[in-house]
Amino acid sequence: MNTKILQPSDQNIQTCARVIQNGGVVAFPTETVYGLGADARNERAVREIFRVKGRPSDNPLIVHVYDAEQIEEVAQNISPAARKLMAQFMPGALTLVLEKKPNIPLCVTGGLSTVGVRMPSHPVCRSFLQACGVPVCAPSANTSTLPSPTAAAHVLRDLQGKIPYVLDGGNCEIGVESTILDMSGDTPRLLRAGGVSREALEKACGCRIENAAKSDRALCPGMKYKHYSPRANVLFSAYYSGMAEGIARCYDMLAQEGKRPVILCLDARVPAYGTRNVYAMGKDSGGYAHNLFASLRRADDDGFDTVIAEGVADTGVGEAIINRLVKSSGGQII
């Protein structure tokens, strides 16, 4: 199979939608990262996602829908609080975990009685989902454990020959996955930080959002297994006043050992690292998130064997950046 990148013309969107309707899988853009989609009601098609990615079968998938009517096809017993969040944050980078309907196979949910549901805002994605006419489950469109893809070329690199098409929607605006909020019980629980901030959700809920307790089961994507890792070793710096000096010392020690490191930092701190190898990540945490996964992939392309990532404040999308870097580094915090 020769995987093709398709530009988002009406004809190409319909071509990709027919693949989904016929039980196949295709990659498509969202505002967060690219997804690898299949008809969420078709168990055989869903299992193909796991095969293509090399993804553990107990790792749940998120169901992507075009509108609120499709949410009703996927989930049941939706609380008023969940409906309030749907009205405020959908379409957008929020996934709500709800009680699933029987038509959603357990292979979608990792054997759980709940399902994650999201309504993306990316215009190409919305046209694609509307053309599909069915709920589409999808993880990120990459080989399992590698950095998530934020451009069609990233998908092609990982999945060439494994899927027929990548629908090209340009570079993803947000660059980290959706926030996952469990609304299946009495208390909202944050399962994964992402593109919608905890602060915005707490304001909308009118209450403090609890973190999910640790579990041996994967309650949502990205919760249990190694994720977001390039070939290069990733080190993640704590966020403190002397962070740049600590990173510079670490860089120099690695260079003396014969390593080839690169630093991920905000634009304003580039001068602090002198002539050391640096990727400027943007002016703020939003830029950092947008560039994060692409920069981890770039480090491999440029032949760096170590990535040293600056920490950020744990507010806004910063909480999601910290989550991804802790996962990517395997907890190697300096």
# chains A, B, ... in the order shown; residues from 1 in each chain; ligands from 1
call {"tool": "select_by_dssp", "arguments": {"residues": "segment 37-139 of chain A", "states": "strand (DSSP E)", "output": "ChimeraX atom specification"}}
result
/A:37-39,62-64,75-76,94-100,114-118,136-138
call {"tool": "residues_around", "arguments": {"residues": "Glu257 of chain A", "least_positions_apart": "6", "cutoff": "12 Å", "atoms": "only C-alpha atoms", "output": "count of residues only"}}
result
4
call {"tool": "residues_around", "arguments": {"residues": "segment 202-204 of chain A", "least_positions_apart": "4", "cutoff": "10 Å", "atoms": "only C-alpha atoms", "output": "ChimeraX atom specification"}}
result
/A:81,84-85,88-89,188,197-198,208-210
call {"tool": "write_last_selection", "arguments": {"atoms": "N, CA and C atoms", "output": "CSV table (one decimal), in the first residue's frame"}}
result
chain,number,residue,atom,x,y,z
A,81,ALA,N,-24.5,18.9,34.3
A,81,ALA,CA,-23.1,19.5,34.4
A,81,ALA,C,-22.3,19.2,33.2
A,84,LYS,N,-23.6,21.3,30.3
A,84,LYS,CA,-23.2,22.7,30.4
A,84,LYS,C,-21.8,22.8,29.8
A,85,LEU,N,-20.9,21.8,30.1
A,85,LEU,CA,-19.5,21.9,29.5
A,85,LEU,C,-19.5,21.7,28.0
A,88,GLN,N,-20.4,24.9,26.4
A,88,GLN,CA,-19.4,25.9,26.5
A,88,GLN,C,-18.1,25.6,25.7
A,89,PHE,N,-17.7,24.3,25.7
A,89,PHE,CA,-16.4,24.0,25.2
A,89,PHE,C,-16.4,23.1,23.9
A,188,PRO,N,-16.4,15.9,39.0
A,188,PRO,CA,-15.5,16.0,37.8
A,188,PRO,C,-14.1,15.6,38.2
A,197,SER,N,-7.8,24.5,29.6
A,197,SER,CA,-7.1,24.6,30.9
A,197,SER,C,-8.0,24.2,32.1
A,198,ARG,N,-7.4,23.7,33.1
A,198,ARG,CA,-8.1,23.4,34.4
A,198,ARG,C,-8.8,24.6,34.9
A,208,ARG,N,-14.0,22.8,42.4
A,208,ARG,CA,-12.6,22.3,42.2
A,208,ARG,C,-12.6,21.0,41.4
A,209,ILE,N,-11.7,20.9,40.5
A,209,ILE,CA,-11.7,19.6,39.7
A,209,ILE,C,-10.6,18.7,40.3
A,210,GLU,N,-10.9,17.5,40.7
A,210,GLU,CA,-10.0,16.6,41.3
A,210,GLU,C,-9.2,15.9,40.3
call {"tool": "residues_around", "arguments": {"residues": "Ser295 of chain A", "least_positions_apart": "3", "cutoff": "12 Å", "atoms": "only C-alpha atoms", "output": "PyMOL selection string"}}
result
chain A and resi 147-151+154+175+228-230+232+234+262-265+278-282+287-292+298-302+304+307-309
call {"tool": "write_last_selection", "arguments": {"atoms": "C-alpha atoms", "output": "short mmCIF file (atom, residue, chain, number, x, y, z; two decimals), in the first residue's frame"}}
result
data_model
loop_
_atom_site.label_atom_id
_atom_site.label_comp_id
_atom_site.auth_asym_id
_atom_site.auth_seq_id
_atom_site.Cartn_x
_atom_site.Cartn_y
_atom_site.Cartn_z
CA PRO A 147 5.68 11.90 19.66
CA SER A 148 2.18 12.72 18.48
CA PRO A 149 1.92 14.04 14.89
CA THR A 150 1.09 17.69 14.37
CA ALA A 151 1.62 17.72 10.59
CA HIS A 154 4.71 13.28 10.62
CA GLY A 175 -0.18 20.93 19.31
CA TYR A 228 5.47 11.04 23.29
CA SER A 229 9.09 9.79 23.18
CA PRO A 230 11.59 10.47 20.39
CA ALA A 232 16.69 11.01 21.74
CA VAL A 234 14.56 13.54 27.04
CA VAL A 262 19.69 20.44 22.32
CA ILE A 263 17.67 22.72 24.61
CA LEU A 264 13.96 23.52 24.23
CA CYS A 265 13.29 27.01 25.60
CA VAL A 278 18.70 25.61 21.12
CA TYR A 279 15.23 25.30 19.63
CA ALA A 280 13.16 28.43 20.30
CA MET A 281 9.70 27.21 21.28
CA GLY A 282 7.68 30.42 21.09
CA GLY A 287 3.81 28.52 21.51
CA TYR A 288 5.67 25.86 23.48
CA ALA A 289 2.70 23.49 23.24
CA HIS A 290 2.25 24.19 19.53
CA ASN A 291 5.91 23.37 18.79
CA LEU A 292 6.56 20.61 21.34
CA ARG A 298 13.11 17.51 14.74
CA ALA A 299 15.71 16.59 17.37
CA ASP A 300 15.87 13.08 15.93
CA ASP A 301 16.10 14.44 12.38
CA ASP A 302 18.93 16.78 13.35
CA PHE A 304 20.69 15.17 18.63
CA VAL A 307 16.75 16.87 24.54
CA ILE A 308 16.77 19.13 27.62
CA ALA A 309 13.35 20.77 27.95
#
call {"tool": "atom_distance", "arguments": {"atom1": "atom CA of Ala93 of chain A", "atom2": "atom CA of Tyr240 of chain A"}}
result
28.8 Å
call {"tool": "residues_around", "arguments": {"residues": "Asp182 of chain A", "least_positions_apart": "2", "cutoff": "9 Å", "atoms": "only C-alpha atoms", "output": "list in words"}}
result
Thr95, Leu96, Val97, Leu98, Gly116, Ile180, Ser184, Gly185, Thr187, Pro188, Arg189, Leu190, Leu191 and Ala212 of chain A
call {"tool": "atom_distance", "arguments": {"atom1": "atom CA of Pro29 of chain A", "atom2": "atom CA of Val166 of chain A"}}
result
8.5 Å
call {"tool": "residues_around", "arguments": {"residues": "Pro102 of chain A", "least_positions_apart": "4", "cutoff": "10 Å", "atoms": "only C-alpha atoms", "output": "VMD selection string"}}
result
chain A and resid 41 73 to 76 106 113
call {"tool": "write_last_selection", "arguments": {"atoms": "N, CA and C atoms", "output": "compact mmCIF listing (two decimals), in the first residue's frame"}}
result
# COMPACT_ATOMS: atom_id res chain seq x y z
N ARG A 41 -18.39 2.18 15.66
CA ARG A 41 -19.36 1.10 15.87
C ARG A 41 -18.89 -0.22 15.27
N GLU A 73 -25.79 9.42 20.28
CA GLU A 73 -25.66 8.08 19.72
C GLU A 73 -24.59 7.27 20.45
N VAL A 74 -23.68 7.97 21.13
CA VAL A 74 -22.50 7.33 21.72
C VAL A 74 -22.66 7.16 23.23
N ALA A 75 -23.23 8.17 23.89
CA ALA A 75 -23.26 8.22 25.36
C ALA A 75 -24.68 8.30 25.88
N GLN A 76 -24.86 7.93 27.16
CA GLN A 76 -26.18 7.97 27.78
C GLN A 76 -26.07 8.48 29.21
N LEU A 106 -16.60 -2.65 23.32
CA LEU A 106 -15.67 -2.53 24.44
C LEU A 106 -14.23 -2.36 23.97
N SER A 113 -16.87 0.78 30.94
CA SER A 113 -18.28 1.09 30.67
C SER A 113 -18.47 2.55 30.31
call {"tool": "closest_residue", "arguments": {"among": "A:Pro139, A:Pro164, A:Gly242, A:Gly35", "to": "His122 of chain A", "atoms": "only C-alpha atoms"}}
result
A:Gly35
call {"tool": "closest_residue", "arguments": {"among": "A:Arg83, A:Arg324, A:Arg47, A:Arg126", "to": "His227 of chain A", "atoms": "only C-alpha atoms"}}
result
A:Arg324
call {"tool": "residues_around", "arguments": {"residues": "Gly331 of chain A", "least_positions_apart": "6", "cutoff": "9 Å", "atoms": "only C-alpha atoms", "output": "JSON, numbers by chain"}}
result
{"A": [235, 236, 325]}
call {"tool": "write_last_selection", "arguments": {"atoms": "C-alpha atoms", "output": "mmCIF file, in the first residue's frame"}}
result
data_model
loop_
_atom_site.group_PDB
_atom_site.id
_atom_site.type_symbol
_atom_site.label_atom_id
_atom_site.label_comp_id
_atom_site.auth_asym_id
_atom_site.auth_seq_id
_atom_site.Cartn_x
_atom_site.Cartn_y
_atom_site.Cartn_z
ATOM 1 C CA LEU A 235 15.432 15.384 30.258
ATOM 2 C CA PHE A 236 12.876 17.754 31.757
ATOM 3 C CA LEU A 325 7.355 16.109 29.087
#
call {"tool": "atom_distance", "arguments": {"atom1": "atom CA of Met90 of chain A", "atom2": "atom CA of Leu112 of chain A"}}
result
23.5 Å
call {"tool": "select_by_dssp", "arguments": {"residues": "segment 21-232 of chain A", "states": "helix (DSSP H, G or I)", "output": "PDB file with C-alpha atoms, in the first residue's frame"}}
result
ATOM      1  CA  GLN A  21     -17.891   4.025   5.991  1.00  0.00           C
ATOM      2  CA  GLU A  43     -15.274  -3.621  15.954  1.00  0.00           C
ATOM      3  CA  ARG A  44     -13.173  -5.019  13.109  1.00  0.00           C
ATOM      4  CA  ALA A  45     -12.267  -1.513  11.910  1.00  0.00           C
ATOM      5  CA  VAL A  46     -11.447  -0.406  15.450  1.00  0.00           C
ATOM      6  CA  ARG A  47      -9.081  -3.339  15.934  1.00  0.00           C
ATOM      7  CA  GLU A  48      -7.241  -2.264  12.785  1.00  0.00           C
ATOM      8  CA  ILE A  49      -6.324   0.995  14.537  1.00  0.00           C
ATOM      9  CA  PHE A  50      -4.585  -0.967  17.291  1.00  0.00           C
ATOM     10  CA  ARG A  51      -2.756  -3.132  14.743  1.00  0.00           C
ATOM     11  CA  VAL A  52      -1.565  -0.191  12.643  1.00  0.00           C
ATOM     12  CA  LYS A  53      -0.294   1.762  15.657  1.00  0.00           C
ATOM     13  CA  ALA A  68     -24.469  17.042  19.718  1.00  0.00           C
ATOM     14  CA  GLU A  69     -26.844  14.577  18.064  1.00  0.00           C
ATOM     15  CA  GLN A  70     -23.958  12.175  17.535  1.00  0.00           C
ATOM     16  CA  ILE A  71     -23.013  12.443  21.215  1.00  0.00           C
ATOM     17  CA  GLU A  72     -26.470  11.053  21.989  1.00  0.00           C
ATOM     18  CA  GLU A  73     -25.655   8.081  19.718  1.00  0.00           C
ATOM     19  CA  VAL A  74     -22.504   7.333  21.716  1.00  0.00           C
ATOM     20  CA  PRO A  80     -26.699  18.571  33.363  1.00  0.00           C
ATOM     21  CA  ALA A  81     -23.145  19.526  34.406  1.00  0.00           C
ATOM     22  CA  ALA A  82     -21.720  17.618  31.446  1.00  0.00           C
ATOM     23  CA  ARG A  83     -24.206  19.247  29.088  1.00  0.00           C
ATOM     24  CA  LYS A  84     -23.156  22.657  30.374  1.00  0.00           C
ATOM     25  CA  LEU A  85     -19.529  21.861  29.529  1.00  0.00           C
ATOM     26  CA  MET A  86     -20.560  20.563  26.103  1.00  0.00           C
ATOM     27  CA  ALA A  87     -22.331  23.826  25.379  1.00  0.00           C
ATOM     28  CA  GLN A  88     -19.365  25.945  26.478  1.00  0.00           C
ATOM     29  CA  PHE A  89     -16.363  23.993  25.153  1.00  0.00           C
ATOM     30  CA  LEU A 106     -15.666  -2.533  24.440  1.00  0.00           C
ATOM     31  CA  CYS A 107     -12.560  -2.546  22.229  1.00  0.00           C
ATOM     32  CA  VAL A 108     -13.087   1.229  21.838  1.00  0.00           C
ATOM     33  CA  THR A 109     -13.175   1.816  25.595  1.00  0.00           C
ATOM     34  CA  PRO A 123     -12.732  23.037   9.965  1.00  0.00           C
ATOM     35  CA  VAL A 124     -11.282  20.232   7.832  1.00  0.00           C
ATOM     36  CA  CYS A 125     -11.962  17.743  10.605  1.00  0.00           C
ATOM     37  CA  ARG A 126     -15.535  18.962  10.960  1.00  0.00           C
ATOM     38  CA  SER A 127     -16.163  18.594   7.226  1.00  0.00           C
ATOM     39  CA  PHE A 128     -14.657  15.107   7.333  1.00  0.00           C
ATOM     40  CA  LEU A 129     -16.750  13.998  10.333  1.00  0.00           C
ATOM     41  CA  GLN A 130     -19.898  15.399   8.751  1.00  0.00           C
ATOM     42  CA  ALA A 131     -19.145  13.487   5.547  1.00  0.00           C
ATOM     43  CA  CYS A 132     -18.518  10.274   7.492  1.00  0.00           C
ATOM     44  CA  ALA A 152       0.637  15.374   7.764  1.00  0.00           C
ATOM     45  CA  ALA A 153       4.315  14.651   7.078  1.00  0.00           C
ATOM     46  CA  HIS A 154       4.708  13.275  10.620  1.00  0.00           C
ATOM     47  CA  VAL A 155       1.864  10.821   9.986  1.00  0.00           C
ATOM     48  CA  LEU A 156       3.339   9.738   6.674  1.00  0.00           C
ATOM     49  CA  ARG A 157       6.727   9.082   8.273  1.00  0.00           C
ATOM     50  CA  ASP A 158       5.194   6.778  10.899  1.00  0.00           C
ATOM     51  CA  LEU A 159       2.419   5.073   8.963  1.00  0.00           C
ATOM     52  CA  ARG A 198      -8.080  23.358  34.359  1.00  0.00           C
ATOM     53  CA  GLU A 199      -8.816  26.961  35.354  1.00  0.00           C
ATOM     54  CA  ALA A 200     -11.379  27.401  32.561  1.00  0.00           C
ATOM     55  CA  LEU A 201     -13.066  24.125  33.444  1.00  0.00           C
ATOM     56  CA  GLU A 202     -13.232  24.928  37.154  1.00  0.00           C
ATOM     57  CA  LYS A 203     -14.783  28.295  36.370  1.00  0.00           C
ATOM     58  CA  ALA A 204     -17.410  26.629  34.192  1.00  0.00           C
ATOM     59  CA  CYS A 205     -18.089  23.825  36.690  1.00  0.00           C
TER      60      CYS A 205
END
call {"tool": "closest_residue", "arguments": {"among": "A:Val176, A:Met1, A:Leu61, A:Ala320", "to": "Ala294 of chain A", "atoms": "only C-alpha atoms"}}
result
A:Val176
call {"tool": "decode", "arguments": {"residues": "segment 58-92 of chain A", "atoms": "N, CA, C and O atoms", "output": "mmCIF file, in the first residue's frame"}}
result
data_model
loop_
_atom_site.group_PDB
_atom_site.id
_atom_site.type_symbol
_atom_site.label_atom_id
_atom_site.label_comp_id
_atom_site.auth_asym_id
_atom_site.auth_seq_id
_atom_site.Cartn_x
_atom_site.Cartn_y
_atom_site.Cartn_z
ATOM 1 N N ASP A 58 -5.793 -2.451 25.720
ATOM 2 C CA ASP A 58 -6.547 -1.927 26.868
ATOM 3 C C ASP A 58 -6.411 -0.416 27.000
ATOM 4 O O ASP A 58 -6.816 0.158 28.013
ATOM 5 N N ASN A 59 -5.862 0.236 25.976
ATOM 6 C CA ASN A 59 -5.692 1.688 25.990
ATOM 7 C C ASN A 59 -6.886 2.313 25.263
ATOM 8 O O ASN A 59 -7.006 2.167 24.043
ATOM 9 N N PRO A 60 -7.792 2.998 25.960
ATOM 10 C CA PRO A 60 -9.041 3.460 25.336
ATOM 11 C C PRO A 60 -8.807 4.460 24.203
ATOM 12 O O PRO A 60 -7.777 5.149 24.140
ATOM 13 N N LEU A 61 -9.790 4.542 23.328
ATOM 14 C CA LEU A 61 -9.807 5.496 22.222
ATOM 15 C C LEU A 61 -10.863 6.565 22.492
ATOM 16 O O LEU A 61 -11.847 6.320 23.182
ATOM 17 N N ILE A 62 -10.652 7.736 21.912
ATOM 18 C CA ILE A 62 -11.634 8.821 22.006
ATOM 19 C C ILE A 62 -12.528 8.779 20.770
ATOM 20 O O ILE A 62 -12.052 8.597 19.642
ATOM 21 N N VAL A 63 -13.824 8.954 20.983
ATOM 22 C CA VAL A 63 -14.783 8.996 19.881
ATOM 23 C C VAL A 63 -15.001 10.445 19.475
ATOM 24 O O VAL A 63 -15.365 11.293 20.300
ATOM 25 N N HIS A 64 -14.780 10.727 18.194
ATOM 26 C CA HIS A 64 -14.925 12.077 17.647
ATOM 27 C C HIS A 64 -16.271 12.188 16.936
ATOM 28 O O HIS A 64 -16.622 11.319 16.122
ATOM 29 N N VAL A 65 -17.000 13.248 17.240
ATOM 30 C CA VAL A 65 -18.332 13.431 16.682
ATOM 31 C C VAL A 65 -18.432 14.798 16.008
ATOM 32 O O VAL A 65 -17.671 15.717 16.315
ATOM 33 N N TYR A 66 -19.409 14.887 15.106
ATOM 34 C CA TYR A 66 -19.616 16.142 14.380
ATOM 35 C C TYR A 66 -20.500 17.104 15.160
ATOM 36 O O TYR A 66 -20.257 18.317 15.183
ATOM 37 N N ASP A 67 -21.533 16.583 15.847
ATOM 38 C CA ASP A 67 -22.479 17.468 16.518
ATOM 39 C C ASP A 67 -23.053 16.797 17.770
ATOM 40 O O ASP A 67 -22.726 15.645 18.092
ATOM 41 N N ALA A 68 -23.899 17.533 18.468
ATOM 42 C CA ALA A 68 -24.469 17.042 19.718
ATOM 43 C C ALA A 68 -25.361 15.827 19.503
ATOM 44 O O ALA A 68 -25.472 14.963 20.383
ATOM 45 N N GLU A 69 -26.001 15.741 18.344
ATOM 46 C CA GLU A 69 -26.844 14.577 18.064
ATOM 47 C C GLU A 69 -26.015 13.298 18.064
ATOM 48 O O GLU A 69 -26.475 12.253 18.540
ATOM 49 N N GLN A 70 -24.809 13.366 17.540
ATOM 50 C CA GLN A 70 -23.958 12.175 17.535
ATOM 51 C C GLN A 70 -23.495 11.798 18.942
ATOM 52 O O GLN A 70 -23.269 10.618 19.218
ATOM 53 N N ILE A 71 -23.353 12.771 19.826
ATOM 54 C CA ILE A 71 -23.013 12.443 21.215
ATOM 55 C C ILE A 71 -24.099 11.563 21.808
ATOM 56 O O ILE A 71 -23.811 10.597 22.546
ATOM 57 N N GLU A 72 -25.354 11.849 21.481
ATOM 58 C CA GLU A 72 -26.470 11.053 21.989
ATOM 59 C C GLU A 72 -26.432 9.622 21.434
ATOM 60 O O GLU A 72 -26.981 8.704 22.047
ATOM 61 N N GLU A 73 -25.785 9.421 20.279
ATOM 62 C CA GLU A 73 -25.655 8.081 19.718
ATOM 63 C C GLU A 73 -24.590 7.271 20.449
ATOM 64 O O GLU A 73 -24.605 6.029 20.403
ATOM 65 N N VAL A 74 -23.678 7.967 21.130
ATOM 66 C CA VAL A 74 -22.504 7.333 21.716
ATOM 67 C C VAL A 74 -22.656 7.155 23.228
ATOM 68 O O VAL A 74 -22.241 6.139 23.793
ATOM 69 N N ALA A 75 -23.228 8.169 23.893
ATOM 70 C CA ALA A 75 -23.256 8.219 25.358
ATOM 71 C C ALA A 75 -24.684 8.300 25.877
ATOM 72 O O ALA A 75 -25.606 8.719 25.162
ATOM 73 N N GLN A 76 -24.857 7.926 27.155
ATOM 74 C CA GLN A 76 -26.182 7.965 27.777
ATOM 75 C C GLN A 76 -26.066 8.477 29.206
ATOM 76 O O GLN A 76 -24.971 8.570 29.769
ATOM 77 N N ASN A 77 -27.207 8.832 29.778
ATOM 78 C CA ASN A 77 -27.270 9.347 31.153
ATOM 79 C C ASN A 77 -26.313 10.529 31.342
ATOM 80 O O ASN A 77 -25.561 10.605 32.315
ATOM 81 N N ILE A 78 -26.361 11.453 30.398
ATOM 82 C CA ILE A 78 -25.471 12.614 30.431
ATOM 83 C C ILE A 78 -26.019 13.620 31.442
ATOM 84 O O ILE A 78 -27.174 14.047 31.356
ATOM 85 N N SER A 79 -25.176 14.019 32.392
ATOM 86 C CA SER A 79 -25.619 14.899 33.475
ATOM 87 C C SER A 79 -25.796 16.338 32.991
ATOM 88 O O SER A 79 -25.207 16.745 31.986
ATOM 89 N N PRO A 80 -26.599 17.146 33.703
ATOM 90 C CA PRO A 80 -26.699 18.571 33.363
ATOM 91 C C PRO A 80 -25.352 19.276 33.390
ATOM 92 O O PRO A 80 -25.090 20.157 32.564
ATOM 93 N N ALA A 81 -24.468 18.898 34.338
ATOM 94 C CA ALA A 81 -23.145 19.526 34.406
ATOM 95 C C ALA A 81 -22.332 19.221 33.151
ATOM 96 O O ALA A 81 -21.639 20.089 32.617
ATOM 97 N N ALA A 82 -22.432 17.981 32.672
ATOM 98 C CA ALA A 82 -21.720 17.618 31.446
ATOM 99 C C ALA A 82 -22.290 18.373 30.251
ATOM 100 O O ALA A 82 -21.542 18.835 29.379
ATOM 101 N N ARG A 83 -23.587 18.513 30.205
ATOM 102 C CA ARG A 83 -24.206 19.247 29.088
ATOM 103 C C ARG A 83 -23.796 20.723 29.104
ATOM 104 O O ARG A 83 -23.625 21.336 28.040
ATOM 105 N N LYS A 84 -23.617 21.277 30.282
ATOM 106 C CA LYS A 84 -23.156 22.657 30.374
ATOM 107 C C LYS A 84 -21.753 22.798 29.786
ATOM 108 O O LYS A 84 -21.464 23.761 29.051
ATOM 109 N N LEU A 85 -20.885 21.837 30.075
ATOM 110 C CA LEU A 85 -19.529 21.861 29.529
ATOM 111 C C LEU A 85 -19.550 21.651 28.015
ATOM 112 O O LEU A 85 -18.779 22.287 27.288
ATOM 113 N N MET A 86 -20.420 20.779 27.542
ATOM 114 C CA MET A 86 -20.560 20.563 26.103
ATOM 115 C C MET A 86 -20.939 21.861 25.405
ATOM 116 O O MET A 86 -20.383 22.206 24.351
ATOM 117 N N ALA A 87 -21.870 22.581 25.990
ATOM 118 C CA ALA A 87 -22.331 23.826 25.379
ATOM 119 C C ALA A 87 -21.245 24.889 25.351
ATOM 120 O O ALA A 87 -21.170 25.692 24.413
ATOM 121 N N GLN A 88 -20.375 24.897 26.372
ATOM 122 C CA GLN A 88 -19.365 25.945 26.478
ATOM 123 C C GLN A 88 -18.077 25.619 25.726
ATOM 124 O O GLN A 88 -17.447 26.523 25.163
ATOM 125 N N PHE A 89 -17.688 24.342 25.675
ATOM 126 C CA PHE A 89 -16.363 23.993 25.153
ATOM 127 C C PHE A 89 -16.377 23.124 23.903
ATOM 128 O O PHE A 89 -15.320 22.738 23.414
ATOM 129 N N MET A 90 -17.533 22.790 23.381
ATOM 130 C CA MET A 90 -17.609 22.002 22.156
ATOM 131 C C MET A 90 -18.302 22.796 21.070
ATOM 132 O O MET A 90 -19.358 23.373 21.321
ATOM 133 N N PRO A 91 -17.725 22.855 19.860
ATOM 134 C CA PRO A 91 -16.484 22.203 19.433
ATOM 135 C C PRO A 91 -15.259 22.789 20.150
ATOM 136 O O PRO A 91 -15.232 23.989 20.450
ATOM 137 N N GLY A 92 -14.261 21.940 20.363
ATOM 138 C CA GLY A 92 -13.038 22.389 21.000
ATOM 139 C C GLY A 92 -12.218 21.230 21.507
ATOM 140 O O GLY A 92 -12.510 20.066 21.243
#
